[in-house]
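Trainee: The structure is given below, and queries will be raised subsequently.
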2 protein chains.
Amino acid sequence: MTIKDVARLSGVSASTVSRVLNNHPDVSESVREKVLQIIDELHYVPNNSARDLVRSGEDTVGVVVRGAENPFFTGLIRSVEQEIEKAGYAMVLHQIKSGDDELAAGAELARSKRLCGLIFLGGSFDYTADRTAALGIPFICCSYSNSFGTLEKSSYSSVSINDEEEARRAVKYLTDRGHQKIAVLLDSVNDHSVSELRYRGYCRALEEAGIDPDPDLTEETHVYDLPAAYEGMKRLIGRGKDFTAVFATADSFGIAALKALNEAGKKVPEECSVIAIDGIEMSRYSIPTLTTLVQPVEEMGRKAVNILMDVIEGKDRTAHVYVKTDLREGGTVKAI
Amino acid sequence: MTIKDVARLSGVSASTVSRVLNNHPDVSESVREKVLQIIDELHYVPNNSARDLVRSGEDTVGVVVRGAENPFFTGLIRSVEQEIEKAGYAMVLHQIKSGDDELAAGAELARSKRLCGLIFLGGSFDYTADRTAALGIPFICCSYSNSFGTLEKSSYSSVSINDEEEARRAVKYLTDRGHQKIAVLLDSVNDHSVSELRYRGYCRALEEAGIDPDPDLTEETHVYDLPAAYEGMKRLIGRGKDFTAVFATADSFGIAALKALNEAGKKVPEECSVIAIDGIEMSRYSIPTLTTLVQPVEEMGRKAVNILMDVIEGKDRTAHVYVKTDLREGGTVKAI
């Protein structure tokens with residue numbers, strides 16, 4: 001039973017059926033009623049997601065998203081979804097909170113849905129073989145790596161940016177433009193996660209430019225959210241220590257930094273430059289537009305699905321891929 | 001099997017177990033290993049969401065979120081989740097795209113999980129009895145109403161703001177401050193949805209102030225996203241028709257409007273005021289802070305769960321509740 005069957009029996013086009021299903025206003029009431037009647041008679045379930053929900057078996061891939069409130073995942077979910085569909089597999093999506101255990105959630109999902117593979121969008125960077133054993137099926141870490149873990153490389157796959165290297169690149173962009181006093185606004189310097197890796201890249205870029213990292217210019221929020229980033233930036237400004245640029249380890253931190261700088265009367269980029277990493281949609285609309293290294297979300301989703309499919313279908317071995325960011329030059333960095 | 005059992009058998013506190021599960025860095029390696037070993041031995045599944053995933057039956061409430069990319073839902077999901085837990089029920093969360101059919105998804109979910117009730121976060125405003133019959137269980141529309149539909153009031157519940165009235169209030173805030181030439185940036189004037197209701201409120205406020213709506217100052221995007229809102233605002237500015245204020249029917253539209261005005265060299269609020277409705281987190285960090293009517297997301301989530309529970313437990317009948325917004329005075333409106 002497809003949308004075409006409904007269209008044929010209703011005597012309208014498939015796109016009209018689609019408009020009815022999506023409640024578009026530009027369908028006459030009589031056509032709408034006719035189509036809905038046919039749908040009722042046929043017990044047609046138009047919704048892909050709804051179908052996937054009850055489907056399970058060897059052609060189903062699970063996607064576990066950790067931290068659904070993170071806008072970075074929106075585009076990634078879309079990309080993964082499209083690729084899974086294109087590959088002829090079904091998908092079940094499961095969202096958990098950013099503090100939750102994605103491995104436990106993945107193991108449950110694998111068991112209850114009899115999945116053939118798992119894609120983790122976001123997770124911790126320190127897996128051990130003990131902890132992943134419960135999954136029992138091929139999996140890929142998408143958007144993060146296992147830099148602090150002890151997993152055998154051959155036991156899983158990953159696709160992500162090289163967080164340390166990209167952070168180095170962001171900060172080098174500042175040192176290349178004459179900045180010496182560069183503050184860093186981040187979650188934590190030792191969270192064994194993305195923030196620690198990006199902090200390492202920050203330190204490396206400073207070192208390469210012959211600059212000693214200054215603890216007074218390192219501001220940790222210990223929480224990954226906008227209010228914490230905003231308060232952190234206020235503390236940094238309040239300390240009274242001079243700096244000409246800020247490296248924010250995430251776009252949302254960059255947006256919060258712009259706000260705190262603006263409220264302190266510090267003009268961006270004239271008095272302070274800001275650069276970040278991620279490239280979430282909202283940062284295109286900040287004032288000024290945030291200069292940031294944009295993660296290639298589409299490519300990352302596509303590669304994650306392709307690698308996982310090859311492993312599932314026995315065509316290839318596990319793989320570990322770094323994708324590159326694209327620099328988006330906004331209006332928040334100035335040479336000095 | 002609870003976190004306390006794991007703590008007791010590991011000889012540590014429950015909060016330490018929690019830290020291990022959440023991969024906090026401040027746990028010694030030996031404690032971490034001990035706790036993980038106990039967890040393995042007990043086959044303990046620590047994750048609520050993971051447990052809920054396979055649970056089903058009379059104590060499970062389904063939550064269908066339409067348009068997960070809409071940041072407005074983030075806080076609402078959190079609130080609903082807390083309240084369901086507090087009420088002693090389990091929750092299954094299902095996210096669909098903004099164009100998808102939430103009723104079809106809800107019906108599938110109700111059947112496959114044998115739910116006792118459904119909460120829809122976002123949906124269309126024009127249900128008919130035919131279309132909701134398939135649900136077969138009590139449901140509540142949370143954050144929207146059925147203003148364009150034909151459902152019997154007694155057959156469902158709803159909790160939302162009064163979109164027309166709140167929009168009227170937002171625009172009255174502008175007319176009270178001397179604005180006469182007020183543009184509106186919105187999705188559509190006749191989408192039979194939130195945007196049409198808020199447009200009605202805009203027209204009413206103008207009418208009450210003795211102002212004729214000007215078609216040249218009405219800008220429809222026909223798509224609900226940031227790029228479309230930004231382009232819409234650029235078109236509005238490009239038309240060259242004079243206006244001193246903009247009513248954006250959503251915060252994200254307001255943020256896009258601020259960006260387009262900034263790029264056109266129009267100072268906010270000196271040369272143009274902007275007001276919106278919603279109160280998403282990001283709009284606190286726009287420059288200037290967006291003046292907006294904040295939807296009481298926590299209250300809305302709490303009321304939705306309470307009303308639904310009362311219906312499920314036979315304590316009360318269906319109910320339809322309007323909650324009120326709170327004006328957040330940012331820096332985007334100026335009296336003229």
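Going by the structure tokens order, chains are called A, B, ..., each with residues numbered from 1, while ligands are numbered from 1 in the order shown.
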For B:Asp310, please output as a count of residues only all residues within 12 Å (counting only C-alpha atoms; exclusion window: fewer than 5 positions along the same chain).

Mentor: 15

Trainee: Using the chain letters and numbers from this document, which residues of stretch 12-236 of chain A does DSSP assign to helix (DSSP H, G or I), as a ChimeraX atom specification?

Mentor: /A:14-21,29-42,48-54,72-86,102-113,129-135,153-155,163-175,194-208,215-217,226-236

Trainee: Please, what distance in Å, to one decimal, runs between atom CA of A:Arg168 and atom CA of A:Lys181?

Mentor: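 Going from atom CA of A:Arg168 over to atom CA of A:Lys181 covers 15.2 Å.
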
Trainee: One decimal, in Å: what's the spacing between atom CA of B:Asn162 and atom CA of B:Ala129?

Mentor: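 Taking atom CA of B:Asn162 and atom CA of B:Ala129, their separation equals 22.5 Å.
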
Trainee: List the spatial neighbours of A:Val65 as a ChimeraX atom specification - criterion: any atom at most 9 Å away, only C-alpha atoms, same-chain residues fewer than 6 positions off excluded.

Mentor: /A:73,77,93-98,102,119-123

Trainee: Atoms to include: C-alpha atoms. Write the selected residues as an mmCIF file, in the first residue's frame.

Mentor:
```cif
data_model
loop_
_atom_site.group_PDB
_atom_site.id
_atom_site.type_symbol
_atom_site.label_atom_id
_atom_site.label_comp_id
_atom_site.auth_asym_id
_atom_site.auth_seq_id
_atom_site.Cartn_x
_atom_site.Cartn_y
_atom_site.Cartn_z
ATOM 1 C CA PHE A 73 22.455 17.168 15.852
ATOM 2 C CA ILE A 77 19.913 13.345 12.091
ATOM 3 C CA LEU A 93 15.571 6.787 16.259
ATOM 4 C CA HIS A 94 16.055 7.012 19.993
ATOM 5 C CA GLN A 95 16.900 10.220 21.811
ATOM 6 C CA ILE A 96 18.461 10.363 25.241
ATOM 7 C CA LYS A 97 19.567 13.211 27.466
ATOM 8 C CA SER A 98 23.121 14.476 27.272
ATOM 9 C CA GLU A 102 24.170 5.880 25.158
ATOM 10 C CA ILE A 119 24.817 4.708 14.894
ATOM 11 C CA PHE A 120 25.605 6.815 17.927
ATOM 12 C CA LEU A 121 25.219 10.533 17.415
ATOM 13 C CA GLY A 122 27.216 11.887 20.303
ATOM 14 C CA GLY A 123 28.611 9.929 23.216
#
```

Trainee: Nearest to B:Glu298 among B:Ala183, B:Val323, B:Arg200, B:Val64, with distances taken over only C-alpha atoms: which residue is it?

Mentor: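 Checking each of B:Ala183, B:Val323, B:Arg200, B:Val64 against B:Glu298, counting only C-alpha atoms, the winner is B:Val323.
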
Trainee: Pick from B:Ala134, B:Ile182, B:Leu261, B:Val63: nearest to B:Ala245, with only C-alpha atoms counted?

Mentor: B:Ile182

Trainee: Contacts of stretch 262-271 of chain B at 8 Å or less, counting only C-alpha atoms, minus same-chain residues fewer than 6 places along, as a PyMOL selection string?

Mentor: (chain A and resi 287) or (chain B and resi 237+244+288+331-334)

Trainee: Keeping only C-alpha atoms, write the selected residues to a file as a PDB file, in the first residue's frame.

Mentor:
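Written file, result.pdb:
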```pdb
ATOM      1  CA  ILE A 287      25.424  39.789  15.061  1.00  0.00           C
TER       2      ILE A 287
ATOM      3  CA  ILE B 237      13.140  45.965   3.723  1.00  0.00           C
ATOM      4  CA  THR B 244       8.900  51.575  12.401  1.00  0.00           C
ATOM      5  CA  PRO B 288      19.903  43.253  21.381  1.00  0.00           C
ATOM      6  CA  GLY B 331      16.171  45.685  24.042  1.00  0.00           C
ATOM      7  CA  THR B 332      14.367  45.593  20.726  1.00  0.00           C
ATOM      8  CA  VAL B 333      11.385  47.876  21.311  1.00  0.00           C
ATOM      9  CA  LYS B 334      11.457  51.650  21.631  1.00  0.00           C
TER      10      LYS B 334
END
```

Trainee: Which residue gives the smallest distance to B:Leu9 among B:Glu207, B:Gln37, B:Tyr322, B:Ala257, with only C-alpha atoms counted?

Mentor: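 Under the stated criterion, the closest residue is B:Gln37.
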